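Q: Next up is a structure, given as structure tokens.
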Amino acid sequence: MAKYIFVCGGVMSSVGKGVATASIGKILQTRGYSVSLVKCDMYVNIDAGTIRPTEHGEVFVGEDGIEAVQDLGTYERFTGQVSTAAHYITTGQVYAEVIRRERNLEYDGEDVEVVPDIPNEIIRRIENVAKKDKSDFVVVEIGGTAGEYQNVLFLEAARMMKLRHKSDVLFVLVSYLPVPGKVGEMKTKPTQYASRTLNSIGIQADFILCRSEQPIDDKRRKKLALFCNIEPEDAISAPDVDSIYDVPVNFAKDELDIKILKKFSLKPKKNALGEWIDFAARVKKLDRPVKIGIVGKYFNTGEFTLADSYISVIESIRHASWNLGLNPKISWLNAEEYEKNPRILAELKKYDGIIVPGGFGARGVEGKIKAIEFCRKRNIPFFGLCYGLQLAVVEFARNACGLKKAHTTEVDSGTPYPVIDIMPEQSVNIKKKRMGASMRLGAYLCELREGTISARAYGVKEISERHRHRYEVSNEYIELLIKNGLTVGGVNPQRNLVEIMELKKHPFFLGTQFHPEFKSRPLSPHPLFRAFIRAAGRNRR
């Protein structure tokens with residue numbers, strides 16, 4: 001039978017439960033065990049597809065088209081797991097299924113109750129992951145923090161699983177230990193309260209991951225042991241780090257992998273963390289910079305900047321840069337500012353490469369188009385992702401093909417030159433207001449054209465990449481675009497849809513209809529990001 005590890009949060013959000021979950025999965029993998037990672041989200045949304053990025057970060061797309069929170073991307077980057085709908089569970093999904101079953105008389109005439117029927121559905125989904133993946137371990141991250149109403153039914157499901165499978169379930173509490181500036185001492189009291197809150201639900205933490213600005217000391221370990229009912233060595237140090245890829249290394253130093261296996265009466269089969277340790281150490285030594293600007297609009301949340309809106313793009317830049325021996329310096333460039341004051345476009349000359357990532361809607365579009373034009377005309381390496389490709393086509397059609405009013409019908413439905421147009425089935429979806437989970441989602445094939453940048457980067461003739469969009473390059477304008485210098489780098493063979501467009505006689509000018517950032521890995525950078533960063537590095541020299 002599979003072993004289950006539930007990762008819960010305490011004190012505050014954003015303490016790194018997703019990274020902790022991924023890191024636990026990683027260190028168990030390196031000890032010879034297969035792992036599946038699951039995210040339980042308390043939102044009543046069926047999926048994350050209708051949530052704007054500035055709420056909870058990017059929408060990560062799985063291989064089967066599931067639109068999930070960014071944690072599934074972290075899981076994939078750390079463990080190589082191919083995330084699917086089975087690995088993402090929301091309150092909305094659970095209630096929808098229970099109500100469906102009730103309407104279909106699948107409860108044999110019994111009354112349907114929040115407890116135990118909702119937790120039972122959560123348990124069914126978690127156990128199905130173990131059966132489907134045939135994993136030794138299923139690590140389940142429960143969103144939110146202990147004490148919130150929204151996640152109590154997920155915690156109840158975890159409690160019930162522990163009751164049913166006493167020796168096959170354990171709990172990890174990820175909790176913050178503040179060091180108040182005017183006090184100068186690490187305080188354990190908030191974590192004590194978080195632990196007691198879990199106790200009140202019927203859950204006893206087996207491990208406490210002690211998130212803080214600095215490593216936990218023995219005195220604080222002993223205090224947590226006394227008041228949280230754990231062994232001192234089960235308070236695991238989790239200080240702030242420069243790179244999230246240091247976290248598995250730190251956990252291994254505290255022998256968290258060995259301790260988890262011991263509690264399950266298991267032994268390590270091997271020790272294969274060496275490559276990851278070498279990678280994490282090598283990153284720290286890189287000092288040759290490469291400056292990359294991201295021209296977007298999903299940055300601001302109140303008075304703060306939310307980099308998580310583009311987290312997979314950021315990590316892909318890092319993976320490729322590190323692989324090439326470069327230290328990436330990433331800057332956020334607000335497209336709306338370029339609309340207000342085009343003169344500041346000159347700042348783009350400071351960067352070795354520019355990325356225009358995915359997005360939706362009219363806000364900031366003209367600023368992005370101006371930035372793309374600037375890069376094209378001044379030979380600055382440019383990489384467009386999804387909407388970035390579409391706007392590059394609009395810019396080229398306007399300024400290189402003479403179609404001055406060319407646009408995407410997403411922004412201007414009356415444009416005389418709809419070089420980017422809605423897919424027929426998507427038009428039906430919008431008219432009928434079928435918005436959730438209705439885009440072109442998930443993995444689709446792409447055939448690469450010989451002699452292109454893309455073909456050289458990938459080194460194969462056919463690839464599979466993940467999508468999330470409703471609009472496409474209109475085939476009516478392909479000949480005109482090619483005549484004026486653009487090249488089709490890849491097409492979807494089933495529907496003859498443009499997947500990649502490139503510009504000849506440019507250091508690097510390439511856009512993809514798909515999202516390559518979803519498939520980049522720390523030890524295996526995405527080929528197109530690697531090609532882009534190599535060009536940016538040459539541009540710097």
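Ligands are numbered from 1 in the order shown, chains are lettered A, B, ... in the order of the structure tokens, and residues start at 1 in each chain.
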Mind checking which residues fall within 9 Å of Ala280 in chain A, counting only C-alpha atoms, ignoring those fewer than 4 positions away in the same chain, and posting them as a ChimeraX atom specification?

A: /A:243,245-246,249,275-276,284

Q: What's around Leu510 in chain A at 10 Å? Count only C-alpha atoms, leave out sequence neighbours fewer than 6 positions away in its own chain, and write the answer as a list in words.

A: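 Skipping anything fewer than 6 positions along the chain leaves Ile355, Pro381, Phe382, Phe383, Gly384, Leu385, Gly388, Leu389, Ala392, Ile453, Ser454, Leu486, Thr487, Val488, Gly489, Ile500, Met501, Glu502, Leu503, Lys504, Leu528 and Phe532 of chain A.
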
Q: Enumerate the residues of range 313-418 of chain A with a DSSP assignment of helix (DSSP H, G or I), computed from the backbone, and present them as a ChimeraX atom specification.

A: /A:313-323,335-340,342-350,365-377,387-399

Q: Can you check which residues of range 10-132 of chain A DSSP gives as strand (DSSP E or B) on the backbone and send them as a PyMOL selection string?

A: chain A and resi 10+35-41+60-61+67-68+88-90

Q: Please dump the current selection as a PDB file, in the first residue's frame; keep N, CA and C atoms.

A:
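This is the output file out-v3.pdb:
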ATOM      1  N   GLY A  10       1.012  26.589   8.725  1.00  0.00           N
ATOM      2  CA  GLY A  10       0.704  27.240   9.989  1.00  0.00           C
ATOM      3  C   GLY A  10       1.179  28.676  10.011  1.00  0.00           C
ATOM      4  N   VAL A  35       7.138   8.665  -6.383  1.00  0.00           N
ATOM      5  CA  VAL A  35       6.382   9.697  -5.655  1.00  0.00           C
ATOM      6  C   VAL A  35       5.355  10.349  -6.561  1.00  0.00           C
ATOM      7  N   SER A  36       4.171  10.611  -6.019  1.00  0.00           N
ATOM      8  CA  SER A  36       3.164  11.461  -6.663  1.00  0.00           C
ATOM      9  C   SER A  36       2.866  12.628  -5.741  1.00  0.00           C
ATOM     10  N   LEU A  37       2.706  13.815  -6.315  1.00  0.00           N
ATOM     11  CA  LEU A  37       2.429  15.013  -5.529  1.00  0.00           C
ATOM     12  C   LEU A  37       1.060  15.551  -5.908  1.00  0.00           C
ATOM     13  N   VAL A  38       0.272  15.917  -4.892  1.00  0.00           N
ATOM     14  CA  VAL A  38      -1.109  16.361  -5.091  1.00  0.00           C
ATOM     15  C   VAL A  38      -1.317  17.684  -4.371  1.00  0.00           C
ATOM     16  N   LYS A  39      -2.043  18.597  -5.031  1.00  0.00           N
ATOM     17  CA  LYS A  39      -2.402  19.859  -4.371  1.00  0.00           C
ATOM     18  C   LYS A  39      -3.898  19.876  -4.105  1.00  0.00           C
ATOM     19  N   CYS A  40      -4.268  20.135  -2.852  1.00  0.00           N
ATOM     20  CA  CYS A  40      -5.670  20.325  -2.459  1.00  0.00           C
ATOM     21  C   CYS A  40      -5.902  21.815  -2.258  1.00  0.00           C
ATOM     22  N   ASP A  41      -6.761  22.393  -3.067  1.00  0.00           N
ATOM     23  CA  ASP A  41      -7.036  23.831  -2.995  1.00  0.00           C
ATOM     24  C   ASP A  41      -8.422  24.068  -2.435  1.00  0.00           C
ATOM     25  N   PHE A  60      -0.925  27.239 -14.140  1.00  0.00           N
ATOM     26  CA  PHE A  60      -0.051  26.210 -14.704  1.00  0.00           C
ATOM     27  C   PHE A  60      -0.909  25.176 -15.422  1.00  0.00           C
ATOM     28  N   VAL A  61      -0.509  24.827 -16.644  1.00  0.00           N
ATOM     29  CA  VAL A  61      -1.275  23.884 -17.458  1.00  0.00           C
ATOM     30  C   VAL A  61      -0.594  22.526 -17.461  1.00  0.00           C
ATOM     31  N   GLU A  67      -5.978  23.188 -15.719  1.00  0.00           N
ATOM     32  CA  GLU A  67      -5.496  24.521 -15.355  1.00  0.00           C
ATOM     33  C   GLU A  67      -5.413  24.575 -13.837  1.00  0.00           C
ATOM     34  N   ALA A  68      -4.196  24.607 -13.326  1.00  0.00           N
ATOM     35  CA  ALA A  68      -3.972  24.474 -11.888  1.00  0.00           C
ATOM     36  C   ALA A  68      -3.173  25.660 -11.360  1.00  0.00           C
ATOM     37  N   TYR A  88      -4.712  17.558  -8.947  1.00  0.00           N
ATOM     38  CA  TYR A  88      -5.210  18.860  -8.493  1.00  0.00           C
ATOM     39  C   TYR A  88      -6.655  18.702  -8.035  1.00  0.00           C
ATOM     40  N   ILE A  89      -6.905  18.956  -6.761  1.00  0.00           N
ATOM     41  CA  ILE A  89      -8.231  18.761  -6.160  1.00  0.00           C
ATOM     42  C   ILE A  89      -8.690  20.081  -5.554  1.00  0.00           C
ATOM     43  N   THR A  90      -9.887  20.531  -5.944  1.00  0.00           N
ATOM     44  CA  THR A  90     -10.433  21.758  -5.369  1.00  0.00           C
ATOM     45  C   THR A  90     -11.750  21.466  -4.659  1.00  0.00           C
TER      46      THR A  90
END

Q: What's around range 472-476 of chain A at 9 Å? Count only C-alpha atoms, leave out sequence neighbours fewer than 3 positions away in its own chain, and write the answer as a list in words.

A: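 Here the answer would be Leu389, Gln390, Val393, Thr408, Pro418, Val419, Ile420, Asp421, Ile422, Met423, His469, Glu479, Leu480, Asn496, Leu497, Val498, Glu499 and Gln513 of chain A.
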
Q: Closest to Gly62 in chain A among A:Val44, A:Val115, A:Ile344, A:Val82, using only C-alpha atoms?

A: A:Val82

Q: Between A:Asn323, A:Ser438, A:Ser237, A:Gln29, which has the minimum distance to Gln426 in chain A (counting only C-alpha atoms)?

A: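 Closest residue, counting only C-alpha atoms: A:Ser438.
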
Q: A:Leu173, A:Ala272, A:Met435, A:Ala362: which is nearest Ile46 in chain A, counting only C-alpha atoms?

A: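 The shortest atom-to-atom distance to Ile46 in chain A comes from A:Met435.
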
Q: Report, in Å with one decimal, the straight-line distance from CA of Gln192 in chain A to CA of Leu224 in chain A.

A: 6.9 Å

Q: I need the residue nearest Cys386 in chain A from this list: A:Glu337, A:Glu465, A:Asp257, A:Glu233. Use only C-alpha atoms for the distance.

A: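 Closest residue, counting only C-alpha atoms: A:Glu465.
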
Q: Could you name the residues that touch Leu345 in chain A at 9 Å or less, counting only C-alpha atoms, but leaving out those on the same chain fewer than 3 positions away, as a list of chain:residue names?

A: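 Listing them by chain and then by number gives A:Tyr338, A:Asn341, A:Pro342, A:Leu348, A:Lys349, A:Lys370, A:Ala371, A:Phe374.
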
Q: Counting only C-alpha atoms, what is within 9 Å of Leu153 in chain A, bar same-chain residues fewer than 4 positions away, as a VMD selection string?

A: chain A and resid 42 91 114 to 115 118 to 119 122 149 157 to 158

Q: Those residues you just picked out, can you put them in a file as a short mmCIF file (atom, residue, chain, number, x, y, z; two decimals), in the first residue's frame with C-alpha atoms?

A:
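Result saved to result12.cif:
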data_model
loop_
_atom_site.label_atom_id
_atom_site.label_comp_id
_atom_site.auth_asym_id
_atom_site.auth_seq_id
_atom_site.Cartn_x
_atom_site.Cartn_y
_atom_site.Cartn_z
CA MET A 42 -9.80 25.26 -0.85
CA THR A 91 -13.43 22.26 -3.12
CA VAL A 114 -20.97 17.46 4.49
CA VAL A 115 -19.28 15.03 6.89
CA ILE A 118 -17.23 15.46 1.35
CA PRO A 119 -14.09 14.11 3.11
CA ILE A 122 -11.46 13.82 -1.11
CA TYR A 149 -12.69 27.45 7.68
CA ALA A 157 -10.15 13.90 5.19
CA ALA A 158 -6.52 13.64 6.25
#

Q: In Å to one decimal, how far is CA of Thr415 in chain A from CA of Glu373 in chain A?

A: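 Separation of CA of Glu373 in chain A and CA of Thr415 in chain A: 19.7 Å.
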
Q: Pick the closest to Asn199 in chain A from A:Arg378, A:Arg466, A:Lys291, A:Arg159: which is it, counting only C-alpha atoms?

A: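 Selected residue with least distance to Asn199 in chain A: A:Arg159.
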
Q: Env of Thr188 in chain A: 9 Å cut, atoms = only C-alpha atoms, seq-sep filter 2 positions within chain, self excluded. Answer as a compact mmCIF listing (two decimals) with N, CA, C and O atoms, in the first residue's frame.

A:
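Saved result, result-v9.txt, follows:
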# COMPACT_ATOMS: atom_id res chain seq x y z
N TYR A 176 5.86 29.22 10.33
CA TYR A 176 6.82 30.32 10.36
C TYR A 176 7.22 30.68 11.78
O TYR A 176 6.36 30.81 12.67
N LEU A 177 8.52 30.86 11.99
CA LEU A 177 9.05 31.29 13.28
C LEU A 177 9.67 32.67 13.10
O LEU A 177 10.78 32.80 12.57
N PRO A 178 8.96 33.72 13.48
CA PRO A 178 9.45 35.08 13.24
C PRO A 178 10.64 35.43 14.14
O PRO A 178 10.80 34.89 15.23
N MET A 186 14.33 34.41 17.85
CA MET A 186 13.35 33.60 17.15
C MET A 186 12.25 33.20 18.12
O MET A 186 12.52 32.67 19.20
N PRO A 190 3.91 31.43 17.86
CA PRO A 190 2.93 31.27 16.77
C PRO A 190 2.85 29.83 16.26
O PRO A 190 1.76 29.33 15.95
N THR A 191 3.99 29.16 16.19
CA THR A 191 3.99 27.77 15.72
C THR A 191 3.36 26.85 16.77
O THR A 191 2.68 25.87 16.42
N GLN A 192 3.55 27.17 18.03
CA GLN A 192 2.87 26.39 19.08
C GLN A 192 1.35 26.45 18.89
O GLN A 192 0.66 25.44 19.00
N TYR A 193 0.86 27.66 18.60
CA TYR A 193 -0.59 27.81 18.39
C TYR A 193 -1.05 27.06 17.13
O TYR A 193 -2.13 26.47 17.12
N ARG A 220 15.36 26.34 20.53
CA ARG A 220 14.02 26.43 19.93
C ARG A 220 13.49 25.04 19.56
O ARG A 220 12.31 24.76 19.67
N LYS A 223 12.08 23.56 22.67
CA LYS A 223 10.82 24.20 23.06
C LYS A 223 9.66 23.70 22.20
O LYS A 223 8.56 23.41 22.71
N LEU A 224 9.90 23.55 20.90
CA LEU A 224 8.86 23.01 20.03
C LEU A 224 8.55 21.56 20.39
O LEU A 224 7.39 21.14 20.36

Q: What is the CA of Cys210 in chain A-CA of Pro239 in chain A distance in Å, reported with one decimal?

A: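 Separating CA of Cys210 in chain A from CA of Pro239 in chain A is a distance of 7.4 Å.
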
Q: Excluding same-chain residues fewer than 4 positions from Asn151 in chain A, what lies within 8 Å of it counting only C-alpha atoms, as a list of chain:residue names?

A: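 Near neighbours after the sequence-gap exclusion: A:Asp41, A:Met42, A:Ile142, A:Gly143, A:Gly144, A:Thr145, A:Ala146, A:Leu155.
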
Q: Using only C-alpha atoms, pick whichever of A:Pro357, A:Ile533, A:Ala85, A:Pro507 has the shortest atom-to-atom distance to Gly325 in chain A.

A: A:Ile533
